[in-house]
Every structure is written in C-alpha cells, then in structure tokens.
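Novice: File data07.cif below, mmCIF, N, CA and C atoms:
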data_start
loop_
_atom_site.label_atom_id
_atom_site.label_comp_id
_atom_site.auth_asym_id
_atom_site.auth_seq_id
_atom_site.Cartn_x
_atom_site.Cartn_y
_atom_site.Cartn_z
N MET A 1 123.23 106.50 112.95
CA MET A 1 122.10 106.21 113.79
C MET A 1 121.05 105.37 113.07
N GLY A 2 121.17 105.25 111.79
CA GLY A 2 120.18 104.49 111.03
C GLY A 2 120.15 103.03 111.43
N ARG A 3 121.33 102.44 111.64
CA ARG A 3 121.39 101.02 112.02
C ARG A 3 120.84 100.80 113.42
N VAL A 4 121.19 101.70 114.32
CA VAL A 4 120.72 101.58 115.69
C VAL A 4 119.19 101.70 115.72
N SER A 5 118.67 102.58 114.94
CA SER A 5 117.21 102.77 114.86
C SER A 5 116.53 101.52 114.32
N LYS A 6 117.12 100.93 113.28
CA LYS A 6 116.55 99.70 112.71
C LYS A 6 116.60 98.56 113.71
N ILE A 7 117.71 98.44 114.43
CA ILE A 7 117.82 97.37 115.44
C ILE A 7 116.80 97.60 116.55
N TRP A 8 116.66 98.84 116.98
CA TRP A 8 115.69 99.17 118.03
C TRP A 8 114.27 98.84 117.57
N ASP A 9 113.94 99.20 116.33
CA ASP A 9 112.62 98.90 115.79
C ASP A 9 112.38 97.39 115.74
N ALA A 10 113.40 96.65 115.34
CA ALA A 10 113.28 95.19 115.28
C ALA A 10 113.04 94.62 116.67
N LEU A 11 113.77 95.10 117.66
CA LEU A 11 113.60 94.61 119.03
C LEU A 11 112.21 94.94 119.57
N THR A 12 111.73 96.14 119.32
CA THR A 12 110.39 96.49 119.80
C THR A 12 109.32 95.66 119.09
N THR A 13 109.54 95.36 117.82
CA THR A 13 108.59 94.51 117.09
C THR A 13 108.56 93.12 117.69
N VAL A 14 109.71 92.57 118.01
CA VAL A 14 109.78 91.23 118.61
C VAL A 14 109.08 91.22 119.97
N ILE A 15 109.29 92.26 120.75
CA ILE A 15 108.64 92.33 122.07
C ILE A 15 107.12 92.43 121.91
N LYS A 16 106.66 93.22 120.97
CA LYS A 16 105.22 93.33 120.72
C LYS A 16 104.64 92.00 120.27
N MET A 17 105.37 91.28 119.41
CA MET A 17 104.90 89.98 118.95
C MET A 17 104.83 89.00 120.11
N ARG A 18 105.80 89.04 121.00
CA ARG A 18 105.81 88.15 122.16
C ARG A 18 104.59 88.41 123.04
N ASP A 19 104.24 89.68 123.20
CA ASP A 19 103.07 90.03 124.00
C ASP A 19 101.79 89.46 123.41
N LYS A 20 101.76 89.26 122.11
CA LYS A 20 100.57 88.68 121.47
C LYS A 20 100.62 87.16 121.49
N VAL A 21 101.81 86.58 121.39
CA VAL A 21 101.95 85.13 121.31
C VAL A 21 101.69 84.45 122.65
N VAL A 22 102.13 85.04 123.73
CA VAL A 22 101.96 84.43 125.05
C VAL A 22 100.48 84.19 125.38
N PRO A 23 99.60 85.19 125.24
CA PRO A 23 98.18 84.91 125.49
C PRO A 23 97.59 83.90 124.50
N LEU A 24 98.06 83.94 123.26
CA LEU A 24 97.57 82.98 122.27
C LEU A 24 97.93 81.56 122.66
N ALA A 25 99.11 81.36 123.19
CA ALA A 25 99.52 80.02 123.62
C ALA A 25 98.61 79.52 124.73
N GLY A 26 98.21 80.38 125.64
CA GLY A 26 97.28 79.99 126.69
C GLY A 26 95.91 79.66 126.15
N THR A 27 95.49 80.37 125.13
CA THR A 27 94.18 80.14 124.51
C THR A 27 94.15 78.80 123.79
N VAL A 28 95.26 78.40 123.23
CA VAL A 28 95.33 77.18 122.42
C VAL A 28 95.40 75.92 123.29
N LYS A 29 95.79 76.04 124.54
CA LYS A 29 95.98 74.87 125.39
C LYS A 29 94.72 74.04 125.54
N GLU A 30 93.58 74.67 125.80
CA GLU A 30 92.34 73.92 126.03
C GLU A 30 91.90 73.16 124.78
N PRO A 31 91.81 73.80 123.61
CA PRO A 31 91.45 73.03 122.42
C PRO A 31 92.45 71.91 122.11
N GLN A 32 93.73 72.15 122.37
CA GLN A 32 94.73 71.13 122.11
C GLN A 32 94.50 69.91 122.99
N SER A 33 94.17 70.13 124.26
CA SER A 33 93.92 68.99 125.14
C SER A 33 92.66 68.25 124.72
N LYS A 34 91.65 68.97 124.24
CA LYS A 34 90.43 68.31 123.74
C LYS A 34 90.76 67.44 122.53
N ILE A 35 91.58 67.97 121.63
CA ILE A 35 91.97 67.20 120.44
C ILE A 35 92.73 65.94 120.85
N GLU A 36 93.64 66.08 121.81
CA GLU A 36 94.40 64.91 122.25
C GLU A 36 93.49 63.85 122.87
N ARG A 37 92.49 64.28 123.64
CA ARG A 37 91.55 63.30 124.21
C ARG A 37 90.74 62.61 123.12
N LEU A 38 90.34 63.36 122.10
CA LEU A 38 89.59 62.76 121.00
C LEU A 38 90.44 61.76 120.23
N VAL A 39 91.70 62.07 120.04
CA VAL A 39 92.60 61.14 119.36
C VAL A 39 92.75 59.86 120.18
N GLU A 40 92.89 60.00 121.49
CA GLU A 40 92.99 58.82 122.35
C GLU A 40 91.73 57.97 122.25
N ARG A 41 90.57 58.61 122.24
CA ARG A 41 89.31 57.86 122.12
C ARG A 41 89.22 57.15 120.77
N ALA A 42 89.65 57.83 119.71
CA ALA A 42 89.62 57.22 118.38
C ALA A 42 90.54 56.01 118.31
N ILE A 43 91.69 56.09 118.95
CA ILE A 43 92.63 54.97 118.97
C ILE A 43 92.03 53.80 119.72
N ARG A 44 91.40 54.08 120.88
CA ARG A 44 90.76 53.00 121.64
C ARG A 44 89.62 52.38 120.85
N PHE A 45 88.82 53.22 120.16
CA PHE A 45 87.73 52.71 119.35
C PHE A 45 88.25 51.81 118.24
N ASP A 46 89.31 52.24 117.58
CA ASP A 46 89.90 51.47 116.50
C ASP A 46 90.41 50.12 117.01
N ALA A 47 91.07 50.14 118.16
CA ALA A 47 91.60 48.90 118.73
C ALA A 47 90.46 47.95 119.11
N THR A 48 89.40 48.50 119.70
CA THR A 48 88.25 47.67 120.08
C THR A 48 87.58 47.08 118.85
N LEU A 49 87.40 47.89 117.83
CA LEU A 49 86.78 47.39 116.60
C LEU A 49 87.63 46.29 115.96
N GLU A 50 88.93 46.48 115.96
CA GLU A 50 89.81 45.47 115.40
C GLU A 50 89.72 44.16 116.18
N ARG A 51 89.69 44.26 117.52
CA ARG A 51 89.55 43.05 118.34
C ARG A 51 88.23 42.35 118.08
N LEU A 52 87.16 43.12 117.93
CA LEU A 52 85.85 42.52 117.65
C LEU A 52 85.85 41.82 116.30
N LEU A 53 86.46 42.44 115.32
CA LEU A 53 86.49 41.83 114.00
C LEU A 53 87.33 40.56 113.98
N ARG A 54 88.40 40.55 114.75
CA ARG A 54 89.24 39.35 114.81
C ARG A 54 88.57 38.24 115.60
N ALA A 55 87.88 38.60 116.68
CA ALA A 55 87.29 37.59 117.56
C ALA A 55 85.97 37.08 117.01
N GLY A 56 85.27 37.89 116.24
CA GLY A 56 83.96 37.49 115.74
C GLY A 56 84.07 36.38 114.72
N GLY A 57 83.20 35.39 114.85
CA GLY A 57 83.21 34.27 113.91
C GLY A 57 82.62 34.67 112.57
N ASP A 58 81.58 35.46 112.60
CA ASP A 58 80.90 35.86 111.37
C ASP A 58 81.16 37.34 111.13
N ASN A 59 82.23 37.63 110.42
CA ASN A 59 82.60 39.02 110.19
C ASN A 59 81.60 39.77 109.31
N GLN A 60 80.89 39.07 108.46
CA GLN A 60 79.94 39.73 107.57
C GLN A 60 78.83 40.43 108.34
N LYS A 61 78.36 39.81 109.42
CA LYS A 61 77.31 40.44 110.22
C LYS A 61 77.83 41.72 110.87
N LEU A 62 79.06 41.71 111.35
CA LEU A 62 79.64 42.89 111.99
C LEU A 62 79.83 44.02 110.97
N LEU A 63 80.22 43.67 109.75
CA LEU A 63 80.47 44.69 108.74
C LEU A 63 79.19 45.34 108.25
N ARG A 64 78.06 44.67 108.33
CA ARG A 64 76.79 45.23 107.84
C ARG A 64 76.22 46.25 108.81
N LEU A 65 76.70 46.30 110.04
CA LEU A 65 76.18 47.27 111.00
C LEU A 65 76.50 48.65 110.52
#
Please render this file's structure as structure tokens.

Specialist:
Amino acid sequence: MGRVSKIWDALTTVIKMRDKVVPLAGTVKEPQSKIERLVERAIRFDATLERLLRAGGDNQKLLRL
C-alpha cells in the first residue's frame, strides 16, 4: 500500500497545484496585455525616431534634444 499511497499523494498535490495555477493565470493576463501594449508603443516610437533621424537634414540638432 505504500506505493499506492505515494501515488495518491502525488495526484492530490498536482490537483491542489492546479487549483492555485488556474486563478494565477487569470491574474497574469491583464499585466501581460499591458506589457504587450507598451512593447508595441516602444517599437512604434523607435521606428518613428529612426525615420526622423534619417529624414532630418541636420541630425545634430535632433540629437541634442
């Protein structure tokens, strides 16, 4: 019965962990979407800055800002 008991304990532990992980996954969704939006904004900012630096005739003035 020792092996059966160990297997049963392992299964109950996995079930308990799942009960904790599922709500955690829901909690993480909102911050994750905020991070993804910030990354998208940073990429757009980087692309815009690069275009400005390439298009600008006097790059030194842009760099001093």

Novice: Using the file's own x, y and z axes, what box holds all listed atoms of stretch 6-12 of chain A with 3 Å on each side, keeping edges along x, y and z, and what are its centre and edge lengths in Å to one decimal, as JSON?

Specialist:
{"center_x": 113.6, "center_y": 97.8, "center_z": 116.3, "size_x": 14.5, "size_y": 12.3, "size_z": 13.1}

Novice: Record the distance separating atom N of A:Pro23 and atom CA of A:Leu11, expressed in Å with one decimal.

Specialist: 18.0 Å

Novice: Hey, can you check how far atom C of A:Asp19 sits from atom C of A:Gln32?

Specialist: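 Separating atom C of A:Asp19 from atom C of A:Gln32 is a distance of 20.9 Å.
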